[in-house]
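The structure appears below as structure tokens.
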Amino acid sequence: MAVAESPPSDPEAPPKVRVGRTPGRLGNRVFQGISTASGIFILIILAAVAIFLLVRAWPALIAAPSAFEDVGFMLGRDLWSWVWPLLFGTAISSVIALVVAVPLSIGIGLFISHYAPRRLAQGLGYLIDLLAAIPSVIFGLWGIQWLQPLVSPLFTWLSTNGATAWLEENVGPTIFTGYQAPARNILTAGLVLAIMILPIITATVREVFLQTPRLHEEASLALGATRWEMIRQAVLPFGRSGVISATMLGLGRALGETMAVLMVLSPGYLINFYLLQPGQHQSIAANIASHFPEASGLGVDALIASGLILFIMTFGVNLIARWIISRRAEFSGAN
Amino acid sequence: MTVTTPPVPVRTTRKLPKWAPVAVLAVSLLLALGIQFLGDGPTIAGVFFIGAILFAILMTVTSRVVEGERWAKDRLATTLVTFAFIIALIPLVSLLWIVVGDGLTRFSWDFLTTDMTGIFGQMVEGGAFHAIIGTVYVTGIASIIAIPLGIFTAIYLVEYGRGPLSRGITVLVDVMTGIPSIVAGLFAFTLFLVIFGPAYKAAVIGGVALAVLMTPVVVRSVEEMLRLVPNELREASYALGVPKWLTIVKVVLRTAIAGITTGVMIAIARVIGETAPLLLTVGIATGVNWDAFDGRIATLPVFVYRQYAQGGASADRAWAGALTLILIVMLLNLIARLVSRYFSPKGVR
């Protein structure tokens, strides 16, 4: 046995230590080099995205307003008065999506973390994650084929019920005024977006709710709180920043989603709040997708400029969301 | 001297029996059915919609009367939270239902093995073979770029990364997961426009666009897996004199290999259905294009979009294409889950 071997017979002789180079030193260097280079390369890609978009968008950004008159799809507007309605359409569809998706996600997150039987919870989580795996073009098909007929009677009712009619008589047009079937309006597009961002928000919210310290929950229950009171006292305050950042992540996704809006919405370039009328709004991403194939010259530059604006917006939103998450990770003393 | 005993807390309210919610649910569904009969006649959606509202109201009122206000609120919260989950399942189920239902009309072996050469008007022949090949090409190119890049970046972050550079990369990778897919498409388009000129169209452009979207997903999931590898394993390896890079390759990566495979497959499933960037970069073709570096190429998502836009007989092909796409995505997800389930190391925890 190796342990039982006798020490070198001559105590004066130096111990047999290997005195060569450290083994694998070259391998270490190469490996560390490749890894670090990959990390830096990702930063380069991100910078390249911004730089290339800026380079191609530059001609449109500095062009005189009259130069855009030749670009058919811009309807004779200059760059900014063309982008504003698109920005508005992007914002309003995302806001509708958030209004629907955030409360639902909080409910789903609570259901999976605190209500569902523990054995089932993980499987139910997978089910919601499956929604995230479905390609956006299929959500578009689904929105046209299934959701539009379903919401059409609801929209008709919203548009023609007594309260809306009374408001139209006495105050003026409401957001529900003038519904026309089929439901190719911004509200339907927002609903499809809501379903698409649901799994993203739910995933984050669920994780945060699961991290609630057990002691807080048990202390609350021990004081005689019902489950709902426990959630209001322990889980929701703990998860507040998580909910906020999840909302931002969902917003980032909704702002840039293309296919659902492109397929469901009948586009228009106006700024108004008529949620149920077709041909009023359009989002930046869907606008790029619909006009890019036939665009040329300055038109391409203008579309890329709008893409750059979208990139900056989503970058900012995501950065804030991540900042909130990381700040929370540092200061939550509970973990 | 009298000893005062504290009053024994007595619950002044009663609790509803366990079967109460079931009974209330049955009553509300029956009521909903009755209401529908008074109106235009019952529909399944109507019965469940009205029944759900009735259940929420009845349950809360019953609980308020029998159990008191706090418990009524608790019941209401439970009801709403459960409904939220069920509402989220409706799109999933209905989507799968209509995709399978409408997709099966045209889905066949012929559909998978023919392309669209010579198909026009209302012809019902033709298939998605060229689009499947194109999707494999584009996704393959994206994977060749994104998987090594993602894995090495994750290794950097977990094993080497210190200080501001590592923190910066972590934050920016997170932010990169939120890049809109259409922006990635624009980026790939301008990149190749600047390098190769405006006439160049090839699958590789789409591959680059998808790689931009795929890399951060790979980084995140691999990083998570590497962090799960216990430090004791690394230390044991160092103690045996194994150099760091061999420790990473032979101990860390090998321990995490199941998780990494899962993460990579889910990342592939995530980008395989991306439509917008491919719409901008690779366009559509009617036949198979075997050359990844030259010419337009059809891909499955763009095929679905274009066929649906044409309407008529093409819409059926769109649904069959959607079914193909969803089968691929679900298969990738399923295999990924199975891999992580059966091949991950059996740890103590």
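Letters for chains follow the order of the structure tokens (A, B, ...), residue numbers begin at 1 for each chain, and ligand numbers begin at 1 in the order shown.
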What lies within 9 Å of Ser152 in chain A using only C-alpha atoms, ignoring chain neighbours under 6 positions off, as a ChimeraX atom specification?
-> /A:180-183
Keeping N, CA and C atoms, export the residues of the selection given above as a PDB file, in the first residue's frame.
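After the write, out.pdb holds the following:
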ATOM      1  N   GLN A 180     -66.053  47.568 -35.160  1.00  0.00           N
ATOM      2  CA  GLN A 180     -66.417  46.928 -36.418  1.00  0.00           C
ATOM      3  C   GLN A 180     -65.828  45.532 -36.453  1.00  0.00           C
ATOM      4  N   ALA A 181     -66.706  44.539 -36.740  1.00  0.00           N
ATOM      5  CA  ALA A 181     -66.202  43.178 -36.912  1.00  0.00           C
ATOM      6  C   ALA A 181     -65.506  43.083 -38.269  1.00  0.00           C
ATOM      7  N   PRO A 182     -64.520  42.217 -38.472  1.00  0.00           N
ATOM      8  CA  PRO A 182     -63.892  41.359 -37.478  1.00  0.00           C
ATOM      9  C   PRO A 182     -62.981  42.143 -36.528  1.00  0.00           C
ATOM     10  N   ALA A 183     -62.655  41.509 -35.409  1.00  0.00           N
ATOM     11  CA  ALA A 183     -61.958  42.212 -34.339  1.00  0.00           C
ATOM     12  C   ALA A 183     -60.469  42.360 -34.631  1.00  0.00           C
TER      13      ALA A 183
END
Hey, what's within 7 Å of range 138-146 of chain A if we count only C-alpha atoms and toss same-chain stuff fewer than 4 positions away? As a list in words, please?
-> Ile134, Leu150, Val192, Met259, Ala260, Met263 and Val264 of chain A; Leu95 and Ala322 of chain B
Could you write out as JSON, numbers by chain the residues of chain B within 7 Å of chain A, counting only C-alpha atoms?
-> {"B": [71, 74, 77, 81, 82, 84, 85, 92, 95, 149, 152, 153, 155, 156, 169, 175, 178, 179, 180, 182, 183, 186, 187, 190, 191, 243, 244, 245, 269, 270, 273, 274, 275, 276, 280, 301, 305, 322, 326, 329]}
Can you work out which one of A:Leu236, A:Ala47, A:Val151, A:Leu298 has the shortest atom-to-atom distance to Leu187 in chain A, counting only C-alpha atoms?
->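 Among the listed residues, the smallest separation from Leu187 in chain A belongs to A:Val151.
Omitting range 159-169 of chain A and its sequence neighbours fewer than 6 positions away, and counting only C-alpha atoms, the residues within 10 Å are Pro153, Ile175, Phe176, Thr177, Gly178, Tyr179, Gln180 and Leu276 of chain A.
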Surrounding residues of range 26-31 of chain B excluding itself and chain neighbours under 6 positions, 10 Å, only C-alpha atoms, as an NGL selection string | :B and (20 or 37 or 47-59)
Tell me which protein, DNA and RNA residues are within 9 Å of range 331-345 of chain B, counting only C-alpha atoms, leaving out same-chain ones fewer than 4 positions away, and put them as a ChimeraX atom specification.
-> /A:130,133 /B:255-266,268-269,326-327
Residue contacts of Ala313 in chain B (7 Å, only C-alpha atoms) excluding same-chain residues fewer than 2 positions away, as a list in words = Gln122, Met123, Val124, Gly311, Ala315 and Asp316 of chain B
Could you state the separation of CA of Ala295 in chain A and CA of Ala309 in chain B in Å, given to one decimal place?
->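 Rounded to one decimal, the two atoms are 19.0 Å apart.
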Can you pull out every residue within 9 Å of Lys15 in chain B, counting only C-alpha atoms, but drop anything in the same chain fewer than 2 positions away, and send it as a PyMOL selection string?
-> chain B and resi 13+17-18+63+66-67+71
